[in-house]
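What follows is input-v1.cif (mmCIF, C-alpha atoms and all ligand atoms).
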data_entry
loop_
_atom_site.group_PDB
_atom_site.id
_atom_site.type_symbol
_atom_site.label_atom_id
_atom_site.label_comp_id
_atom_site.auth_asym_id
_atom_site.auth_seq_id
_atom_site.Cartn_x
_atom_site.Cartn_y
_atom_site.Cartn_z
ATOM 1 C CA MET A 75 -10.199 106.886 -57.005
ATOM 2 C CA LYS A 76 -11.137 105.043 -53.822
ATOM 3 C CA VAL A 77 -11.011 101.276 -53.541
ATOM 4 C CA ILE A 78 -13.507 100.109 -50.939
ATOM 5 C CA ARG A 79 -14.073 96.572 -49.668
ATOM 6 C CA THR A 80 -16.815 96.882 -47.060
ATOM 7 C CA ILE A 81 -20.462 97.866 -47.342
ATOM 8 C CA ALA A 82 -20.275 100.166 -44.306
ATOM 9 C CA GLU A 83 -17.328 102.092 -45.673
ATOM 10 C CA LEU A 84 -18.922 102.399 -49.104
ATOM 11 C CA ARG A 85 -22.117 103.850 -47.631
ATOM 12 C CA GLN A 86 -20.104 106.318 -45.563
ATOM 13 C CA GLU A 87 -17.982 107.423 -48.519
ATOM 14 C CA LEU A 88 -21.022 107.820 -50.786
ATOM 15 C CA ASN A 89 -22.755 109.973 -48.162
ATOM 16 C CA ILE A 90 -19.739 112.262 -48.053
ATOM 17 C CA MET A 91 -19.444 112.419 -51.853
ATOM 18 C CA ARG A 92 -23.169 113.103 -52.310
ATOM 19 C CA LYS A 93 -23.007 115.939 -49.760
ATOM 20 C CA ASN A 94 -19.949 117.467 -51.424
ATOM 21 C CA HIS A 95 -21.643 117.328 -54.816
ATOM 22 C CA ASN A 96 -24.829 118.821 -53.418
ATOM 23 C CA ASN A 97 -22.872 121.762 -52.040
ATOM 24 C CA ASP A 98 -21.094 122.243 -55.371
ATOM 25 C CA THR A 99 -24.173 122.244 -57.555
ATOM 26 C CA SER A 100 -27.507 124.015 -57.551
ATOM 27 C CA ASP A 101 -28.897 121.440 -59.997
ATOM 28 C CA SER A 102 -32.387 120.569 -58.776
ATOM 29 C CA ARG A 103 -32.196 117.041 -60.203
ATOM 30 C CA GLY A 104 -29.844 116.131 -57.372
ATOM 31 C CA VAL A 105 -26.677 114.111 -57.475
ATOM 32 C CA VAL A 106 -26.666 111.227 -59.960
ATOM 33 C CA VAL A 107 -24.781 108.133 -58.839
ATOM 34 C CA GLY A 108 -24.038 105.745 -61.722
ATOM 35 C CA LEU A 109 -23.297 102.081 -60.979
ATOM 36 C CA VAL A 110 -21.434 99.715 -63.306
ATOM 37 C CA PRO A 111 -21.694 96.150 -61.950
ATOM 38 C CA THR A 112 -18.993 93.748 -63.228
ATOM 39 C CA MET A 113 -17.152 90.580 -62.351
ATOM 40 C CA GLY A 114 -13.814 92.205 -63.201
ATOM 41 C CA TYR A 115 -11.075 91.128 -65.608
ATOM 42 C CA LEU A 116 -12.024 94.317 -67.355
ATOM 43 C CA HIS A 117 -11.901 94.854 -71.107
ATOM 44 C CA ARG A 118 -13.073 97.525 -73.567
ATOM 45 C CA GLY A 119 -16.675 96.323 -73.228
ATOM 46 C CA HIS A 120 -16.612 97.155 -69.513
ATOM 47 C CA ALA A 121 -14.750 100.391 -70.288
ATOM 48 C CA SER A 122 -17.589 101.479 -72.583
ATOM 49 C CA LEU A 123 -20.028 101.100 -69.668
ATOM 50 C CA MET A 124 -17.748 103.190 -67.449
ATOM 51 C CA GLN A 125 -17.571 105.858 -70.180
ATOM 52 C CA ALA A 126 -21.375 105.980 -70.456
ATOM 53 C CA ALA A 127 -21.593 106.173 -66.658
ATOM 54 C CA ARG A 128 -18.977 108.976 -66.546
ATOM 55 C CA GLN A 129 -20.967 110.976 -69.114
ATOM 56 C CA GLN A 130 -24.335 110.508 -67.434
ATOM 57 C CA SER A 131 -23.498 110.582 -63.719
ATOM 58 C CA ASP A 132 -21.831 112.806 -61.122
ATOM 59 C CA ILE A 133 -20.370 109.918 -59.138
ATOM 60 C CA VAL A 134 -19.319 106.672 -60.851
ATOM 61 C CA VAL A 135 -19.177 103.460 -58.819
ATOM 62 C CA LEU A 136 -17.690 100.350 -60.409
ATOM 63 C CA SER A 137 -18.326 97.086 -58.603
ATOM 64 C CA ILE A 138 -16.029 94.138 -59.105
ATOM 65 C CA PHE A 139 -17.442 90.969 -57.616
ATOM 66 C CA VAL A 140 -17.321 87.424 -58.942
ATOM 67 C CA ASN A 141 -20.697 86.404 -57.598
ATOM 68 C CA PRO A 142 -20.635 82.739 -56.527
ATOM 69 C CA ILE A 143 -24.422 82.307 -56.468
ATOM 70 C CA GLN A 144 -24.802 82.944 -60.205
ATOM 71 C CA PHE A 145 -22.468 80.057 -61.105
ATOM 72 C CA GLY A 146 -23.733 76.469 -61.361
ATOM 73 C CA PRO A 147 -21.904 73.630 -59.550
ATOM 74 C CA ASN A 148 -20.042 72.594 -62.714
ATOM 75 C CA GLU A 149 -19.285 76.097 -63.922
ATOM 76 C CA ASP A 150 -16.126 78.179 -63.788
ATOM 77 C CA PHE A 151 -16.429 80.146 -60.512
ATOM 78 C CA ASP A 152 -13.018 78.986 -59.211
ATOM 79 C CA SER A 153 -11.198 79.445 -62.500
ATOM 80 C CA TYR A 154 -12.929 82.698 -63.517
ATOM 81 C CA PRO A 155 -10.101 85.086 -64.531
ATOM 82 C CA ARG A 156 -9.173 87.729 -61.956
ATOM 83 C CA ASP A 157 -6.587 90.543 -62.095
ATOM 84 C CA GLU A 158 -7.373 93.297 -59.630
ATOM 85 C CA GLU A 159 -4.274 95.369 -60.237
ATOM 86 C CA ARG A 160 -4.968 95.699 -63.928
ATOM 87 C CA ASP A 161 -8.700 96.283 -63.273
ATOM 88 C CA LEU A 162 -7.886 99.194 -60.971
ATOM 89 C CA ALA A 163 -5.659 100.751 -63.642
ATOM 90 C CA VAL A 164 -8.491 100.460 -66.207
ATOM 91 C CA ALA A 165 -10.996 101.969 -63.774
ATOM 92 C CA ARG A 166 -8.632 104.831 -62.926
ATOM 93 C CA ALA A 167 -8.100 105.585 -66.615
ATOM 94 C CA GLU A 168 -11.878 105.764 -67.149
ATOM 95 C CA GLY A 169 -12.349 108.270 -64.325
ATOM 96 C CA VAL A 170 -14.197 105.976 -61.910
ATOM 97 C CA ASP A 171 -14.682 107.557 -58.465
ATOM 98 C CA ILE A 172 -15.174 104.444 -56.361
ATOM 99 C CA VAL A 173 -14.299 100.801 -56.980
ATOM 100 C CA PHE A 174 -16.324 98.538 -54.727
ATOM 101 C CA SER A 175 -14.572 95.196 -54.524
ATOM 102 C CA PRO A 176 -16.021 93.186 -51.634
ATOM 103 C CA SER A 177 -15.092 89.662 -50.551
ATOM 104 C CA VAL A 178 -17.610 86.830 -50.793
ATOM 105 C CA GLU A 179 -17.843 86.906 -46.966
ATOM 106 C CA GLU A 180 -18.701 90.615 -47.031
ATOM 107 C CA MET A 181 -21.531 90.102 -49.535
ATOM 108 C CA TYR A 182 -22.740 86.768 -48.118
ATOM 109 C CA PRO A 183 -21.687 86.557 -44.435
ATOM 110 C CA GLN A 184 -23.924 83.515 -44.214
ATOM 111 C CA PRO A 185 -25.772 81.580 -46.928
ATOM 112 C CA THR A 186 -28.471 83.941 -48.159
ATOM 113 C CA GLN A 187 -32.059 82.955 -47.383
ATOM 114 C CA THR A 188 -33.544 85.730 -49.467
ATOM 115 C CA THR A 189 -33.312 85.627 -53.225
ATOM 116 C CA ILE A 190 -34.966 87.579 -56.000
ATOM 117 C CA THR A 191 -36.644 85.537 -58.725
ATOM 118 C CA VAL A 192 -37.934 86.930 -61.981
ATOM 119 C CA SER A 193 -40.104 84.242 -63.564
ATOM 120 C CA GLY A 194 -41.036 83.732 -67.231
ATOM 121 C CA ILE A 195 -38.235 85.403 -69.148
ATOM 122 C CA THR A 196 -35.595 83.716 -66.988
ATOM 123 C CA GLU A 197 -36.776 80.257 -67.997
ATOM 124 C CA ARG A 198 -35.587 80.512 -71.605
ATOM 125 C CA LEU A 199 -32.218 80.868 -73.373
ATOM 126 C CA CYS A 200 -29.419 81.122 -70.773
ATOM 127 C CA GLY A 201 -31.936 80.469 -67.995
ATOM 128 C CA ALA A 202 -32.796 77.078 -69.506
ATOM 129 C CA SER A 203 -29.182 75.912 -69.735
ATOM 130 C CA ARG A 204 -27.957 77.590 -66.525
ATOM 131 C CA PRO A 205 -30.609 76.819 -63.876
ATOM 132 C CA GLY A 206 -30.485 79.299 -61.006
ATOM 133 C CA HIS A 207 -28.143 81.656 -62.860
ATOM 134 C CA PHE A 208 -30.570 84.558 -63.115
ATOM 135 C CA ASN A 209 -31.657 84.198 -59.477
ATOM 136 C CA GLY A 210 -28.022 84.752 -58.595
ATOM 137 C CA VAL A 211 -27.819 87.752 -60.914
ATOM 138 C CA THR A 212 -31.012 89.457 -59.744
ATOM 139 C CA THR A 213 -30.157 88.794 -56.097
ATOM 140 C CA VAL A 214 -26.674 90.305 -56.323
ATOM 141 C CA VAL A 215 -27.837 93.237 -58.466
ATOM 142 C CA SER A 216 -30.611 93.979 -55.932
ATOM 143 C CA LYS A 217 -28.051 93.895 -53.133
ATOM 144 C CA LEU A 218 -25.788 96.262 -55.084
ATOM 145 C CA PHE A 219 -28.726 98.597 -55.788
ATOM 146 C CA ASN A 220 -29.567 98.636 -52.047
ATOM 147 C CA ILE A 221 -25.959 99.193 -51.053
ATOM 148 C CA VAL A 222 -25.056 101.876 -53.631
ATOM 149 C CA GLN A 223 -28.535 103.385 -54.203
ATOM 150 C CA PRO A 224 -27.647 104.493 -57.719
ATOM 151 C CA GLN A 225 -29.911 106.642 -59.876
ATOM 152 C CA LYS A 226 -28.552 104.902 -62.976
ATOM 153 C CA ALA A 227 -27.083 101.455 -63.621
ATOM 154 C CA PHE A 228 -25.222 100.510 -66.788
ATOM 155 C CA PHE A 229 -25.435 97.057 -68.385
ATOM 156 C CA GLY A 230 -24.091 95.676 -71.671
ATOM 157 C CA MET A 231 -26.375 94.349 -74.397
ATOM 158 C CA LYS A 232 -23.804 91.547 -74.722
ATOM 159 C CA ASP A 233 -25.981 89.973 -72.008
ATOM 160 C CA ALA A 234 -29.282 90.978 -73.607
ATOM 161 C CA GLN A 235 -31.372 88.567 -71.554
ATOM 162 C CA GLN A 236 -29.779 89.949 -68.385
ATOM 163 C CA VAL A 237 -30.832 93.466 -69.443
ATOM 164 C CA ALA A 238 -34.408 92.266 -70.012
ATOM 165 C CA VAL A 239 -34.471 90.449 -66.658
ATOM 166 C CA ILE A 240 -33.101 93.414 -64.710
ATOM 167 C CA GLN A 241 -35.494 95.831 -66.411
ATOM 168 C CA GLN A 242 -38.347 93.509 -65.456
ATOM 169 C CA MET A 243 -37.156 93.310 -61.838
ATOM 170 C CA VAL A 244 -36.765 97.105 -61.579
ATOM 171 C CA HIS A 245 -40.243 97.563 -63.027
ATOM 172 C CA ASP A 246 -41.948 94.899 -60.907
ATOM 173 C CA LEU A 247 -40.314 95.949 -57.632
ATOM 174 C CA ASN A 248 -40.498 99.726 -58.282
ATOM 175 C CA MET A 249 -36.762 100.172 -57.842
ATOM 176 C CA PRO A 250 -35.860 103.829 -58.396
ATOM 177 C CA VAL A 251 -33.056 103.024 -60.833
ATOM 178 C CA ASP A 252 -32.770 103.912 -64.485
ATOM 179 C CA VAL A 253 -31.328 100.851 -66.282
ATOM 180 C CA VAL A 254 -29.146 102.013 -69.177
ATOM 181 C CA PRO A 255 -28.380 99.357 -71.834
ATOM 182 C CA CYS A 256 -25.072 99.880 -73.701
ATOM 183 C CA PRO A 257 -24.074 98.457 -77.106
ATOM 184 C CA ILE A 258 -21.855 95.377 -77.566
ATOM 185 C CA VAL A 259 -18.148 96.132 -78.032
ATOM 186 C CA ARG A 260 -16.342 93.797 -80.456
ATOM 187 C CA GLU A 261 -12.811 92.966 -81.530
ATOM 188 C CA GLU A 262 -11.921 94.191 -84.998
ATOM 189 C CA ASP A 263 -12.655 90.733 -86.440
ATOM 190 C CA GLY A 264 -16.132 90.725 -84.910
ATOM 191 C CA LEU A 265 -15.678 88.599 -81.766
ATOM 192 C CA ALA A 266 -17.659 90.142 -78.913
ATOM 193 C CA LEU A 267 -15.346 91.013 -76.033
ATOM 194 C CA SER A 268 -15.736 88.750 -73.018
ATOM 195 C CA SER A 269 -13.613 87.994 -69.965
ATOM 196 C CA ARG A 270 -14.029 84.330 -70.927
ATOM 197 C CA ASN A 271 -12.292 84.801 -74.312
ATOM 198 C CA VAL A 272 -8.965 84.175 -72.505
ATOM 199 C CA TYR A 273 -9.963 80.535 -72.120
ATOM 200 C CA LEU A 274 -9.868 80.039 -75.915
ATOM 201 C CA SER A 275 -6.886 78.471 -77.681
ATOM 202 C CA SER A 276 -5.893 80.349 -80.835
ATOM 203 C CA GLU A 277 -7.629 77.662 -82.902
ATOM 204 C CA LEU A 278 -10.910 77.973 -80.993
ATOM 205 C CA ARG A 279 -10.576 81.769 -80.922
ATOM 206 C CA GLN A 280 -10.541 81.643 -84.727
ATOM 207 C CA GLU A 281 -13.503 79.258 -84.879
ATOM 208 C CA ALA A 282 -15.476 81.474 -82.504
ATOM 209 C CA LEU A 283 -15.728 84.047 -85.288
ATOM 210 C CA VAL A 284 -18.639 81.999 -86.670
ATOM 211 C CA LEU A 285 -20.842 83.654 -84.045
ATOM 212 C CA SER A 286 -20.511 87.217 -85.295
ATOM 213 C CA GLN A 287 -20.409 85.953 -88.888
ATOM 214 C CA ALA A 288 -23.713 84.118 -88.396
ATOM 215 C CA LEU A 289 -25.293 87.225 -86.904
ATOM 216 C CA ARG A 290 -23.990 89.413 -89.724
ATOM 217 C CA ALA A 291 -25.407 86.944 -92.263
ATOM 218 C CA VAL A 292 -28.798 87.245 -90.578
ATOM 219 C CA GLN A 293 -28.577 91.024 -90.682
ATOM 220 C CA GLU A 294 -27.862 90.909 -94.413
ATOM 221 C CA ALA A 295 -30.639 88.396 -95.052
ATOM 222 C CA VAL A 296 -33.147 90.572 -93.194
ATOM 223 C CA ALA A 297 -32.040 93.579 -95.236
ATOM 224 C CA SER A 298 -32.579 91.794 -98.550
ATOM 225 C CA ASN A 299 -35.644 89.645 -97.859
ATOM 226 C CA THR A 300 -38.659 91.268 -96.256
ATOM 227 C CA ALA A 301 -40.618 87.996 -96.254
ATOM 228 C CA ILE A 302 -37.946 86.220 -94.228
ATOM 229 C CA THR A 303 -39.286 83.874 -91.549
ATOM 230 C CA ALA A 304 -38.040 82.744 -88.163
ATOM 231 C CA LYS A 305 -37.240 79.349 -89.693
ATOM 232 C CA ASP A 306 -34.999 80.989 -92.318
ATOM 233 C CA ILE A 307 -33.136 82.832 -89.554
ATOM 234 C CA ARG A 308 -32.607 79.662 -87.518
ATOM 235 C CA HIS A 309 -31.333 77.924 -90.641
ATOM 236 C CA ILE A 310 -28.826 80.697 -91.448
ATOM 237 C CA LEU A 311 -27.527 80.679 -87.875
ATOM 238 C CA ARG A 312 -27.046 76.909 -87.756
ATOM 239 C CA GLU A 313 -25.487 76.762 -91.200
ATOM 240 C CA HIS A 314 -22.834 79.336 -90.286
ATOM 241 C CA ILE A 315 -22.071 77.891 -86.893
ATOM 242 C CA SER A 316 -21.679 74.390 -88.336
ATOM 243 C CA GLN A 317 -18.645 75.686 -90.246
ATOM 244 C CA SER A 318 -16.761 75.415 -86.946
ATOM 245 C CA VAL A 319 -15.920 71.778 -86.218
ATOM 246 C CA HIS A 320 -15.757 72.312 -82.459
ATOM 247 C CA ALA A 321 -18.868 74.451 -82.022
ATOM 248 C CA VAL A 322 -21.659 72.865 -79.987
ATOM 249 C CA ILE A 323 -24.838 74.928 -80.110
ATOM 250 C CA ASP A 324 -26.639 75.529 -76.845
ATOM 251 C CA TYR A 325 -29.199 77.790 -78.547
ATOM 252 C CA ALA A 326 -29.496 79.756 -81.788
ATOM 253 C CA GLU A 327 -32.789 81.541 -81.419
ATOM 254 C CA ILE A 328 -34.986 84.389 -82.526
ATOM 255 C CA GLN A 329 -37.443 85.958 -80.117
ATOM 256 C CA SER A 330 -39.241 89.186 -79.327
ATOM 257 C CA PHE A 331 -37.332 91.659 -77.176
ATOM 258 C CA PRO A 332 -37.583 92.353 -74.271
ATOM 259 C CA SER A 333 -40.424 89.845 -73.690
ATOM 260 C CA LEU A 334 -38.301 86.969 -75.105
ATOM 261 C CA GLU A 335 -41.246 85.130 -76.668
ATOM 262 C CA PRO A 336 -39.883 82.636 -79.205
ATOM 263 C CA LEU A 337 -41.152 83.085 -82.786
ATOM 264 C CA ALA A 338 -42.884 80.149 -84.482
ATOM 265 C CA ASP A 339 -40.995 78.806 -87.510
ATOM 266 C CA ASP A 340 -43.345 80.160 -90.166
ATOM 267 C CA GLU A 341 -43.683 83.637 -88.706
ATOM 268 C CA GLU A 342 -42.494 86.552 -90.771
ATOM 269 C CA LEU A 343 -40.314 89.026 -88.951
ATOM 270 C CA LYS A 344 -42.225 92.039 -90.158
ATOM 271 C CA ALA A 345 -45.168 91.046 -87.959
ATOM 272 C CA TYR A 346 -43.044 91.849 -84.909
ATOM 273 C CA GLY A 347 -41.634 94.787 -82.983
ATOM 274 C CA ASP A 348 -38.087 94.534 -81.680
ATOM 275 C CA LEU A 349 -36.460 91.150 -82.084
ATOM 276 C CA LEU A 350 -33.421 89.537 -80.549
ATOM 277 C CA ILE A 351 -31.297 87.013 -82.415
ATOM 278 C CA ALA A 352 -29.280 85.276 -79.713
ATOM 279 C CA LEU A 353 -26.585 82.602 -79.704
ATOM 280 C CA ALA A 354 -24.946 80.509 -77.009
ATOM 281 C CA VAL A 355 -22.313 78.132 -78.316
ATOM 282 C CA LYS A 356 -19.660 76.024 -76.606
ATOM 283 C CA PHE A 357 -16.150 75.898 -78.004
ATOM 284 C CA GLY A 358 -14.462 73.195 -75.956
ATOM 285 C CA LYS A 359 -15.251 74.072 -72.338
ATOM 286 C CA THR A 360 -15.849 77.731 -73.124
ATOM 287 C CA ARG A 361 -19.430 78.845 -73.573
ATOM 288 C CA LEU A 362 -19.756 82.081 -75.546
ATOM 289 C CA ILE A 363 -22.840 84.215 -76.115
ATOM 290 C CA ASP A 364 -23.555 86.872 -78.717
ATOM 291 C CA ASN A 365 -26.614 88.574 -80.188
ATOM 292 C CA ILE A 366 -27.997 91.287 -82.398
ATOM 293 C CA ARG A 367 -31.209 93.196 -82.158
ATOM 294 C CA ILE A 368 -33.420 93.860 -85.127
ATOM 295 C CA GLN A 369 -35.592 96.860 -84.568
ATOM 296 C CA LYS A 370 -39.084 97.137 -86.007
ATOM 297 C CA MET A 371 -38.116 100.111 -88.112
ATOM 298 C CA GLU A 372 -35.277 98.157 -89.714
ATOM 299 C CA VAL A 373 -37.705 95.541 -90.970
ATOM 300 C CA LEU A 374 -40.513 97.929 -91.843
ATOM 301 C CA SER A 375 -38.318 100.384 -93.682
ATOM 302 C CA ARG A 376 -37.576 97.712 -96.257
ATOM 303 C CA VAL A 377 -41.139 96.506 -96.694
HETATM 304 P P1 LIG B 401 -19.322 90.696 -66.606
HETATM 305 O O1 LIG B 401 -18.082 91.223 -65.944
HETATM 306 O O2 LIG B 401 -19.049 89.705 -67.679
HETATM 307 O O3 LIG B 401 -20.360 90.251 -65.607
HETATM 308 O O4 LIG B 401 -19.959 91.938 -67.361
HETATM 309 C C1 LIG B 401 -20.246 93.125 -66.674
HETATM 310 C C2 LIG B 401 -21.039 94.026 -67.573
HETATM 311 O O5 LIG B 401 -20.272 94.311 -68.752
HETATM 312 C C3 LIG B 401 -22.351 93.395 -68.064
HETATM 313 O O6 LIG B 401 -23.373 94.382 -68.052
HETATM 314 C C4 LIG B 401 -22.008 92.935 -69.453
HETATM 315 O O7 LIG B 401 -23.133 92.878 -70.313
HETATM 316 C C5 LIG B 401 -21.056 94.037 -69.898
HETATM 317 N N1 LIG B 401 -20.229 93.560 -71.013
HETATM 318 C C6 LIG B 401 -19.477 92.433 -71.061
HETATM 319 N N2 LIG B 401 -18.917 92.290 -72.285
HETATM 320 C C7 LIG B 401 -19.328 93.344 -73.025
HETATM 321 C C8 LIG B 401 -19.116 93.771 -74.372
HETATM 322 N N3 LIG B 401 -18.358 93.067 -75.218
HETATM 323 N N4 LIG B 401 -19.697 94.913 -74.790
HETATM 324 C C9 LIG B 401 -20.488 95.633 -73.951
HETATM 325 N N5 LIG B 401 -20.739 95.281 -72.663
HETATM 326 C C10 LIG B 401 -20.166 94.165 -72.211
#
Write the structure described by the file as structure tokens, please.
Amino acid sequence: MKVIRTIAELRQELNIMRKNHNNDTSDSRGVVVGLVPTMGYLHRGHASLMQAARQQSDIVVLSIFVNPIQFGPNEDFDSYPRDEERDLAVARAEGVDIVFSPSVEEMYPQPTQTTITVSGITERLCGASRPGHFNGVTTVVSKLFNIVQPQKAFFGMKDAQQVAVIQQMVHDLNMPVDVVPCPIVREEDGLALSSRNVYLSSELRQEALVLSQALRAVQEAVASNTAITAKDIRHILREHISQSVHAVIDYAEIQSFPSLEPLADDEELKAYGDLLIALAVKFGKTRLIDNIRIQKMEVLSRV
């Protein structure tokens, strides 16, 4: 596994690897480079993306970059957890070929004057409470796509809105990248894995279970009540989350996916295609997100 810190060296190494693969294979589809973009402090959620990339690509590139431009002024850029040594061990164990771990100066030698903005779907949910966040995400992901030129890129549904935004960007700008969404990986007790979980005290860690519990309650309610409305869902979410004394809800929403149109209160779910039930809740200073998707078939099959 190579650890590379500059864009020039990465391009050079990828050229060599692509050529070697081309010589080794007569596959007419060409060499598939799979990119897994992360901010490091890797956990089993990230590992699942690397595993999907390993299965579906010839060359796996993992990027580790805590991207300053996707953090707001009062957010946790400086304190974001970092542990490169451990990250490299995880990447090695998952069979990654190249770890690209550039400095901020390498990625942004001067303040960037070019940013990528996806409008509409970035204005809701996390976009509403974190202004500028998605511009930072789409800008850095575009840079990574231009630098690595992957055929496939792997993203977790943990950040469902991010998946929708990146799919929109790839579509609108005709980027030749196949965006592969991967399922959320959870702890045994239901908490979705996140690098930010380390911020939680054991008390808040326990309270944070209300997120997955609320989502599970919605899943069960949908399974048993085909006439359930968006208002019922919002009520179930809020009722469960209020069982945590420290939880402060940023949003607890139901919307279409991937268009992220909010559902009116009295709308029945069965009128819709794929839906996303999404939560963002603060526990102390730590803001956690979680979600589930409800697919059209799941609703229809019980009608
Ligand atoms: P991050 O390092 O938090 O920017 O995440 C990098 C990638 O890993 C993103 O595509 C995330 O959606 C994905 N990811 C983070 N946590 C999980 C999880 N629990 N399950 C699946 N994917 C995840």
Task: Which residue of A:Val211, A:Leu334, A:Ala297, A:Ile133 approaches ligand LIG 401 (chain B) most closely, using all atoms listed in the file - done: A:Val211
Decode the PyMOL selection byres (((not hetatm)) within 10 of (chain B and resi 401)) for the given file into explicit residues and return them as a compact mmCIF listing (two decimals) with C-alpha atoms, in the frame of the given file.
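What follows is the written file out-v8.txt:
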# COMPACT_ATOMS: atom_id res chain seq x y z
CA VAL A 110 -21.43 99.72 -63.31
CA PRO A 111 -21.69 96.15 -61.95
CA THR A 112 -18.99 93.75 -63.23
CA MET A 113 -17.15 90.58 -62.35
CA GLY A 114 -13.81 92.20 -63.20
CA TYR A 115 -11.08 91.13 -65.61
CA LEU A 116 -12.02 94.32 -67.36
CA HIS A 117 -11.90 94.85 -71.11
CA ARG A 118 -13.07 97.52 -73.57
CA GLY A 119 -16.68 96.32 -73.23
CA HIS A 120 -16.61 97.16 -69.51
CA ALA A 121 -14.75 100.39 -70.29
CA SER A 122 -17.59 101.48 -72.58
CA LEU A 123 -20.03 101.10 -69.67
CA MET A 124 -17.75 103.19 -67.45
CA LEU A 136 -17.69 100.35 -60.41
CA SER A 137 -18.33 97.09 -58.60
CA ILE A 138 -16.03 94.14 -59.10
CA PHE A 139 -17.44 90.97 -57.62
CA VAL A 140 -17.32 87.42 -58.94
CA ASN A 141 -20.70 86.40 -57.60
CA VAL A 211 -27.82 87.75 -60.91
CA ALA A 227 -27.08 101.46 -63.62
CA PHE A 228 -25.22 100.51 -66.79
CA PHE A 229 -25.44 97.06 -68.39
CA GLY A 230 -24.09 95.68 -71.67
CA MET A 231 -26.38 94.35 -74.40
CA LYS A 232 -23.80 91.55 -74.72
CA ASP A 233 -25.98 89.97 -72.01
CA ALA A 234 -29.28 90.98 -73.61
CA GLN A 235 -31.37 88.57 -71.55
CA GLN A 236 -29.78 89.95 -68.39
CA VAL A 237 -30.83 93.47 -69.44
CA VAL A 254 -29.15 102.01 -69.18
CA PRO A 255 -28.38 99.36 -71.83
CA CYS A 256 -25.07 99.88 -73.70
CA PRO A 257 -24.07 98.46 -77.11
CA ILE A 258 -21.86 95.38 -77.57
CA VAL A 259 -18.15 96.13 -78.03
CA ARG A 260 -16.34 93.80 -80.46
CA GLU A 261 -12.81 92.97 -81.53
CA LEU A 265 -15.68 88.60 -81.77
CA ALA A 266 -17.66 90.14 -78.91
CA LEU A 267 -15.35 91.01 -76.03
CA SER A 268 -15.74 88.75 -73.02
CA SER A 269 -13.61 87.99 -69.96
CA ARG A 270 -14.03 84.33 -70.93
CA ILE A 363 -22.84 84.22 -76.11
CA ASP A 364 -23.56 86.87 -78.72
Task: Residue nearest A:Phe145 - candidates A:Gly264, A:Pro250, A:Pro224, A:Gly201, atoms counted: all atoms listed in the file - done: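 Closest candidate: A:Gly201.
Among the candidates A:Glu281, A:Asp324, A:Gln144, A:Ile221, the one nearest to A:Glu87 when counting all atoms listed in the file is A:Ile221.
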Open item on the list: For a cutoff of 12 Å around the file-coordinate point (-13.8, 71.2, -72.7), which residues qualify once you count all atoms listed in the file? I'd like the result as a list in words.
Closed with: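 Using all atoms listed in the file, the matching residues come out as Asn148, Glu149, Asp150, Tyr273, Leu274, Ser275, Leu278, His320, Ala321, Val322, Lys356, Phe357, Gly358, Lys359, Thr360 and Arg361 of chain A.
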Task: Minimum-distance residue to A:Met75, chosen among A:Ala126, A:Leu162, A:Val106, A:Asp157 (using all atoms listed in the file) - done: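 Among the listed residues, the smallest separation from A:Met75 belongs to A:Leu162.
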